[in-house]
Amino acid sequence: MKVFGCTMNKVDAQLIESLAKAGGHEVVHSEDEADLIVINSCVVREESEKKALRYLERIKKCYNGKRVILTGCLPSALPELVRDTETVKLDELEKAFSKLFGVKEAKVEREVNSISHPVPIARGCLGNCSYCIVKLARGRLRSSPMDEVISEVERALSRGAKEILLTAEDTAAYGLDLGENLPSLLREMLSTIEEEEFRIRIGMMTPGLAKRIYRDLSEIYEDPRVYKFLHLPLQSGDDGILRKMRRNYSVKDYLEIVKHFRRKFPELNLATDIIVGFPGEGAEEFSRTLEALMKSEPDKVHVARYSPRPKTEAYEMKPPPGRVIKSRSRILHNLRMNLGLKRNSMLLGERFEVLLTSKGKKGGLIGRAPNYKQVILREGALGEFSRVEVVGYTPTYLKGVRVE
């Protein structure tokens, strides 16, 4: 199984692997061993699409004769690019792979095989962003019933998970098709589950829908089991560009939500996204983006150069020259590093409990602070809560030591 893209793609990959095992097959970790290679693709940007296609071509060339199936957003949104490949579209995924692996019983549950377990609360979205191709693949909003979400969280915790990642294309959209909302889901979840030693990370939410619920949501953040983490994509600091993007919120909306959460939770870990070089972005529009970032001081900024996507309205619009986009991207990168360094420096000497979630690529362990900031430790056991002191920092993570 080769996975490209977001947390939702990882969820789909987990389901495919669980179906394979339920059918008596073994999931292996190299192309050489495999009889079947499944590629779960992403098309959110051209770069993501090309990565999947390059991998597909390499597999076909190096492993000629092996069965290859392409699934994910690519065959769902741009099937014309992969006509010569066996594909499974997202809306057929569970049925197609159940049949392929010979699974005829009741619904197969995804395996819980790590400390951190993603739980999808909805699929699709209510947005109509002018640049977005993912809506063609994922479709309109389909929220999971509240009892199903809570049962999945309880199941994961009973099997050793300690961190629950609530995920969706837009978590703030949860329940709008069911007459529910995200705060009501979280309130019910936290009151139903008696387990105290776990954490919930709430995934990305658009400001346009978050502005309806942010006051209720901030009350739920007071629960120590909820990470003080807010992923709120700004995308542009200029209202005119936001209208062209059809984002359905203003810069003022974004700043208002941030101000409210910062006031209640000074330690808030704010993440945001910026698209640089969207059609119509001139020097003034770009300067307003810098201004909005300096006002809100995000802890993490994901900067993406605008990537024209076919079948979208913005595909016909003309972006700024490539050299201009590249220059602005460098400016944003430097700003995000400076902001990250400033925010992380404020935690030097602080002590708090960290959940150890994974092993570091260069040794040591990776933990998550109460606000979901990444903390690097030299020792400890996965899944444990360890009290640490922050002894160092970089723009992107904290360095900690265990204390009694």
# chains A, B, ... in the order shown; residues from 1 in each chain; ligands from 1
$ residues_around --residues "segment 158-162 of chain A" --least-positions-apart "2" --cutoff "6 Å" --atoms "only C-alpha atoms" --output "VMD selection string"
chain A and resid 115 to 116 155 to 156 198
$ residues_around --residues "Ile39 of chain A" --least-positions-apart "3" --cutoff "8 Å" --atoms "only C-alpha atoms" --output "list in words"
Met1, Lys2, Val3, Phe4, Ala52, Leu56, Val68, Ile69, Leu70, Thr71 and Gly72 of chain A
$ select_by_dssp --residues "segment 153-388 of chain A" --states "alpha helix (DSSP H)" --output "ChimeraX atom specification"
/A:153-158,182-192,207-220,239-245,251-264,283-296,322-345
$ closest_atom_pairs --of "segment 135-233 of chain A" --to "segment 76-85 of chain A" --cutoff "12 Å" --atoms "only C-alpha atoms" --output "Markdown table"
| residue | atom | partner | partner_atom | distance |
| --- | --- | --- | --- | --- |
| A:Lys135 | CA | A:Ala77 | CA | 8.4 |
| A:Leu136 | CA | A:Ala77 | CA | 5.3 |
| A:Ala137 | CA | A:Ala77 | CA | 4.8 |
| A:Arg138 | CA | A:Ser76 | CA | 8.1 |
| A:Gly139 | CA | A:Ser76 | CA | 9.9 |
$ write_last_selection --atoms "N, CA and C atoms" --output "PDB file, in the first residue's frame"
ATOM      1  N   LYS A 135     -13.218  18.633  -4.128  1.00  0.00           N
ATOM      2  CA  LYS A 135     -14.680  18.497  -4.011  1.00  0.00           C
ATOM      3  C   LYS A 135     -15.235  17.588  -5.112  1.00  0.00           C
ATOM      4  N   LEU A 136     -14.526  17.503  -6.255  1.00  0.00           N
ATOM      5  CA  LEU A 136     -14.961  16.598  -7.323  1.00  0.00           C
ATOM      6  C   LEU A 136     -14.768  15.141  -6.933  1.00  0.00           C
ATOM      7  N   ALA A 137     -13.775  14.899  -6.083  1.00  0.00           N
ATOM      8  CA  ALA A 137     -13.476  13.532  -5.661  1.00  0.00           C
ATOM      9  C   ALA A 137     -14.271  13.137  -4.422  1.00  0.00           C
ATOM     10  N   ARG A 138     -14.366  14.052  -3.450  1.00  0.00           N
ATOM     11  CA  ARG A 138     -14.966  13.731  -2.149  1.00  0.00           C
ATOM     12  C   ARG A 138     -16.453  14.045  -2.069  1.00  0.00           C
ATOM     13  N   GLY A 139     -16.928  14.945  -2.944  1.00  0.00           N
ATOM     14  CA  GLY A 139     -18.362  15.211  -2.994  1.00  0.00           C
ATOM     15  C   GLY A 139     -18.865  16.122  -1.884  1.00  0.00           C
TER      16      GLY A 139
END
$ residues_around --residues "Ser30 of chain A" --least-positions-apart "5" --cutoff "12 Å" --atoms "only C-alpha atoms" --output "PyMOL selection string"
chain A and resi 1-2+35-38+59+63
$ atom_distance --atom1 "atom CA of Gly277 of chain A" --atom2 "atom CA of Ile325 of chain A"
5.1 Å
$ select_by_dssp --residues "segment 213-322 of chain A" --states "strand (DSSP E or B)" --output "MDAnalysis selection string"
chainID A and resid 226 229:231 235 269:276 300:305
$ write_last_selection --atoms "N, CA and C atoms" --output "mmCIF file, in the first residue's frame"
data_model
loop_
_atom_site.group_PDB
_atom_site.id
_atom_site.type_symbol
_atom_site.label_atom_id
_atom_site.label_comp_id
_atom_site.auth_asym_id
_atom_site.auth_seq_id
_atom_site.Cartn_x
_atom_site.Cartn_y
_atom_site.Cartn_z
ATOM 1 N N VAL A 226 -8.803 17.844 25.463
ATOM 2 C CA VAL A 226 -8.817 18.450 24.136
ATOM 3 C C VAL A 226 -7.558 19.297 23.956
ATOM 4 N N PHE A 229 -5.359 23.333 20.245
ATOM 5 C CA PHE A 229 -4.831 23.421 18.878
ATOM 6 C C PHE A 229 -5.953 23.838 17.959
ATOM 7 N N LEU A 230 -5.692 24.838 17.131
ATOM 8 C CA LEU A 230 -6.694 25.346 16.202
ATOM 9 C C LEU A 230 -6.074 25.470 14.816
ATOM 10 N N HIS A 231 -6.603 24.679 13.859
ATOM 11 C CA HIS A 231 -6.137 24.767 12.469
ATOM 12 C C HIS A 231 -7.192 25.536 11.691
ATOM 13 N N GLN A 235 -5.632 31.463 4.049
ATOM 14 C CA GLN A 235 -5.420 31.390 2.592
ATOM 15 C C GLN A 235 -4.993 32.726 1.979
ATOM 16 N N ASN A 269 -2.045 26.803 20.198
ATOM 17 C CA ASN A 269 -1.195 26.482 19.054
ATOM 18 C C ASN A 269 -2.040 26.698 17.801
ATOM 19 N N LEU A 270 -1.783 27.806 17.112
ATOM 20 C CA LEU A 270 -2.564 28.175 15.930
ATOM 21 C C LEU A 270 -1.824 27.778 14.661
ATOM 22 N N ALA A 271 -2.478 27.004 13.817
ATOM 23 C CA ALA A 271 -1.938 26.648 12.506
ATOM 24 C C ALA A 271 -2.817 27.284 11.439
ATOM 25 N N THR A 272 -2.199 27.761 10.377
ATOM 26 C CA THR A 272 -2.981 28.311 9.271
ATOM 27 C C THR A 272 -2.331 27.942 7.945
ATOM 28 N N ASP A 273 -3.059 28.166 6.858
ATOM 29 C CA ASP A 273 -2.584 27.875 5.498
ATOM 30 C C ASP A 273 -2.656 29.144 4.667
ATOM 31 N N ILE A 274 -1.675 29.303 3.797
ATOM 32 C CA ILE A 274 -1.654 30.437 2.875
ATOM 33 C C ILE A 274 -1.404 29.922 1.465
ATOM 34 N N ILE A 275 -2.216 30.391 0.503
ATOM 35 C CA ILE A 275 -1.949 30.148 -0.913
ATOM 36 C C ILE A 275 -1.297 31.407 -1.458
ATOM 37 N N VAL A 276 -0.068 31.294 -1.914
ATOM 38 C CA VAL A 276 0.645 32.454 -2.452
ATOM 39 C C VAL A 276 0.571 32.425 -3.981
ATOM 40 N N LYS A 300 2.242 27.925 13.339
ATOM 41 C CA LYS A 300 2.642 27.165 12.152
ATOM 42 C C LYS A 300 1.900 27.712 10.937
ATOM 43 N N VAL A 301 2.629 27.966 9.871
ATOM 44 C CA VAL A 301 2.018 28.438 8.623
ATOM 45 C C VAL A 301 2.419 27.488 7.506
ATOM 46 N N HIS A 302 1.431 26.881 6.870
ATOM 47 C CA HIS A 302 1.708 26.039 5.711
ATOM 48 C C HIS A 302 1.547 26.898 4.465
ATOM 49 N N VAL A 303 2.636 27.100 3.747
ATOM 50 C CA VAL A 303 2.631 27.954 2.559
ATOM 51 C C VAL A 303 2.606 27.076 1.303
ATOM 52 N N ALA A 304 1.618 27.289 0.460
ATOM 53 C CA ALA A 304 1.521 26.547 -0.802
ATOM 54 C C ALA A 304 1.464 27.530 -1.961
ATOM 55 N N ARG A 305 2.322 27.329 -2.954
ATOM 56 C CA ARG A 305 2.235 28.143 -4.169
ATOM 57 C C ARG A 305 0.989 27.721 -4.936
#
$ closest_residue --among "A:Lys10, A:Arg187, A:Arg246, A:Arg110" --to "Ile220 of chain A" --atoms "only C-alpha atoms"
A:Arg187
$ closest_atom_pairs --of "segment 269-349 of chain A" --to "segment 382-399 of chain A" --cutoff "9 Å" --atoms "only C-alpha atoms" --output "CSV"
residue,atom,partner,partner_atom,distance
A:Asp299,CA,A:Thr396,CA,8.3
A:Lys300,CA,A:Thr396,CA,7.5
A:Arg336,CA,A:Pro395,CA,8.2
A:Met337,CA,A:Pro395,CA,5.4
A:Asn338,CA,A:Pro395,CA,7.0
A:Leu339,CA,A:Pro395,CA,7.5
A:Gly340,CA,A:Pro395,CA,4.3
A:Leu341,CA,A:Pro395,CA,4.0
A:Lys342,CA,A:Pro395,CA,7.7
A:Arg343,CA,A:Pro395,CA,8.1
A:Asn344,CA,A:Tyr393,CA,6.2
A:Ser345,CA,A:Tyr393,CA,6.5
A:Leu347,CA,A:Val390,CA,6.7
A:Leu348,CA,A:Val390,CA,5.2
A:Gly349,CA,A:Val390,CA,5.1
$ write_last_selection --atoms "N, CA and C atoms" --output "compact mmCIF listing (two decimals), in the first residue's frame"
# COMPACT_ATOMS: atom_id res chain seq x y z
N ASP A 299 1.44 29.84 15.05
CA ASP A 299 2.60 29.04 15.45
C ASP A 299 3.15 28.26 14.26
N LYS A 300 2.24 27.93 13.34
CA LYS A 300 2.64 27.16 12.15
C LYS A 300 1.90 27.71 10.94
N ARG A 336 7.24 32.82 8.46
CA ARG A 336 6.72 31.69 9.24
C ARG A 336 7.78 31.15 10.19
N MET A 337 9.05 31.14 9.76
CA MET A 337 10.12 30.69 10.64
C MET A 337 10.30 31.64 11.83
N ASN A 338 10.24 32.93 11.55
CA ASN A 338 10.39 33.92 12.62
C ASN A 338 9.23 33.84 13.62
N LEU A 339 8.01 33.68 13.09
CA LEU A 339 6.85 33.56 13.97
C LEU A 339 6.93 32.29 14.80
N GLY A 340 7.31 31.17 14.17
CA GLY A 340 7.44 29.91 14.89
C GLY A 340 8.47 30.00 16.00
N LEU A 341 9.60 30.65 15.71
CA LEU A 341 10.66 30.81 16.70
C LEU A 341 10.17 31.66 17.87
N LYS A 342 9.47 32.75 17.55
CA LYS A 342 8.97 33.63 18.60
C LYS A 342 7.97 32.90 19.50
N ARG A 343 7.02 32.20 18.89
CA ARG A 343 6.00 31.50 19.68
C ARG A 343 6.61 30.40 20.53
N ASN A 344 7.55 29.64 19.97
CA ASN A 344 8.15 28.54 20.72
C ASN A 344 9.07 29.03 21.83
N SER A 345 9.72 30.19 21.62
CA SER A 345 10.61 30.73 22.65
C SER A 345 9.85 31.08 23.93
N LEU A 347 7.82 29.35 25.43
CA LEU A 347 7.60 28.17 26.26
C LEU A 347 8.88 27.66 26.94
N LEU A 348 10.00 28.33 26.71
CA LEU A 348 11.26 27.91 27.33
C LEU A 348 11.13 27.94 28.86
N GLY A 349 11.47 26.80 29.49
CA GLY A 349 11.39 26.69 30.94
C GLY A 349 10.04 26.22 31.46
$ closest_residue --among "A:Val375, A:Thr289, A:Glu46, A:Met346" --to "Gly360 of chain A" --atoms "only C-alpha atoms"
A:Val375
$ residues_around --residues "Gly367 of chain A" --least-positions-apart "3" --cutoff "8 Å" --atoms "only C-alpha atoms" --output "list in words"
Val354, Leu355, Leu356, Thr357, Ser358, Gln374, Val375, Ile376 and Leu377 of chain A
$ residues_around --residues "Pro118 of chain A" --least-positions-apart "3" --cutoff "10 Å" --atoms "only C-alpha atoms" --output "mmCIF file with N, CA and C atoms, in the first residue's frame"
data_model
loop_
_atom_site.group_PDB
_atom_site.id
_atom_site.type_symbol
_atom_site.label_atom_id
_atom_site.label_comp_id
_atom_site.auth_asym_id
_atom_site.auth_seq_id
_atom_site.Cartn_x
_atom_site.Cartn_y
_atom_site.Cartn_z
ATOM 1 N N THR A 7 -4.880 13.076 5.845
ATOM 2 C CA THR A 7 -5.266 12.091 6.867
ATOM 3 C C THR A 7 -6.414 11.215 6.387
ATOM 4 N N MET A 8 -7.343 11.799 5.613
ATOM 5 C CA MET A 8 -8.475 11.011 5.123
ATOM 6 C C MET A 8 -7.994 9.900 4.190
ATOM 7 N N LYS A 10 -5.176 8.382 4.521
ATOM 8 C CA LYS A 10 -4.607 7.369 5.424
ATOM 9 C C LYS A 10 -5.712 6.523 6.046
ATOM 10 N N VAL A 11 -6.842 7.159 6.343
ATOM 11 C CA VAL A 11 -7.997 6.422 6.866
ATOM 12 C C VAL A 11 -8.474 5.398 5.836
ATOM 13 N N GLN A 14 -6.089 2.523 5.677
ATOM 14 C CA GLN A 14 -6.270 1.609 6.817
ATOM 15 C C GLN A 14 -7.435 0.663 6.574
ATOM 16 N N VAL A 112 -6.730 -0.714 14.763
ATOM 17 C CA VAL A 112 -6.114 0.309 15.603
ATOM 18 C C VAL A 112 -4.705 -0.188 15.886
ATOM 19 N N SER A 114 -1.758 1.970 16.330
ATOM 20 C CA SER A 114 -0.780 2.947 16.801
ATOM 21 C C SER A 114 -1.369 3.742 17.955
ATOM 22 N N ILE A 121 -15.038 12.138 10.957
ATOM 23 C CA ILE A 121 -16.373 12.501 11.444
ATOM 24 C C ILE A 121 -17.293 12.908 10.292
ATOM 25 N N GLU A 152 -16.526 4.555 17.606
ATOM 26 C CA GLU A 152 -15.206 4.374 17.015
ATOM 27 C C GLU A 152 -14.117 4.895 17.952
ATOM 28 N N VAL A 153 -14.364 6.010 18.608
ATOM 29 C CA VAL A 153 -13.395 6.544 19.574
ATOM 30 C C VAL A 153 -13.236 5.579 20.748
ATOM 31 N N ALA A 156 -11.229 2.555 19.666
ATOM 32 C CA ALA A 156 -9.807 2.857 19.527
ATOM 33 C C ALA A 156 -9.121 2.940 20.889
ATOM 34 N N ALA A 161 -5.169 3.045 21.770
ATOM 35 C CA ALA A 161 -4.932 4.404 21.276
ATOM 36 C C ALA A 161 -4.985 5.395 22.428
ATOM 37 N N GLU A 163 -4.371 8.934 21.449
ATOM 38 C CA GLU A 163 -4.581 10.208 20.767
ATOM 39 C C GLU A 163 -5.584 9.990 19.638
ATOM 40 N N ILE A 164 -6.669 10.733 19.662
ATOM 41 C CA ILE A 164 -7.717 10.619 18.656
ATOM 42 C C ILE A 164 -7.664 11.845 17.753
ATOM 43 N N LEU A 165 -7.497 11.613 16.447
ATOM 44 C CA LEU A 165 -7.431 12.698 15.474
ATOM 45 C C LEU A 165 -8.777 12.788 14.759
ATOM 46 N N LEU A 166 -9.624 13.720 15.176
ATOM 47 C CA LEU A 166 -10.913 13.896 14.510
ATOM 48 C C LEU A 166 -10.672 14.615 13.193
ATOM 49 N N THR A 167 -11.078 13.994 12.105
ATOM 50 C CA THR A 167 -10.716 14.520 10.793
ATOM 51 C C THR A 167 -11.924 14.619 9.868
ATOM 52 N N ALA A 168 -11.828 15.554 8.933
ATOM 53 C CA ALA A 168 -12.850 15.768 7.893
ATOM 54 C C ALA A 168 -12.258 16.778 6.918
ATOM 55 N N ILE A 200 -7.657 14.518 22.396
ATOM 56 C CA ILE A 200 -8.392 14.692 21.144
ATOM 57 C C ILE A 200 -7.799 15.872 20.391
ATOM 58 N N ARG A 201 -7.435 15.643 19.118
ATOM 59 C CA ARG A 201 -7.020 16.746 18.247
ATOM 60 C C ARG A 201 -8.122 16.987 17.225
ATOM 61 N N GLY A 203 -9.398 18.518 13.859
ATOM 62 C CA GLY A 203 -8.764 18.832 12.583
ATOM 63 C C GLY A 203 -9.205 20.169 12.004
#
$ closest_residue --among "A:Glu92, A:Glu180, A:Asp238, A:Asp253" --to "Lys211 of chain A" --atoms "only C-alpha atoms"
A:Asp253
$ closest_residue --among "A:Arg378, A:Lys362, A:Arg309, A:Lys95" --to "Ile16 of chain A" --atoms "only C-alpha atoms"
A:Lys95
$ closest_residue --among "A:Asn334, A:Ser130, A:Thr171, A:Ser184" --to "Arg142 of chain A" --atoms "only C-alpha atoms"
A:Thr171
$ closest_residue --among "A:Leu335, A:Met204, A:Leu234, A:Phe265" --to "Ser218 of chain A" --atoms "only C-alpha atoms"
A:Phe265
$ atom_distance --atom1 "atom CA of Pro266 of chain A" --atom2 "atom CA of Glu404 of chain A"
24.9 Å
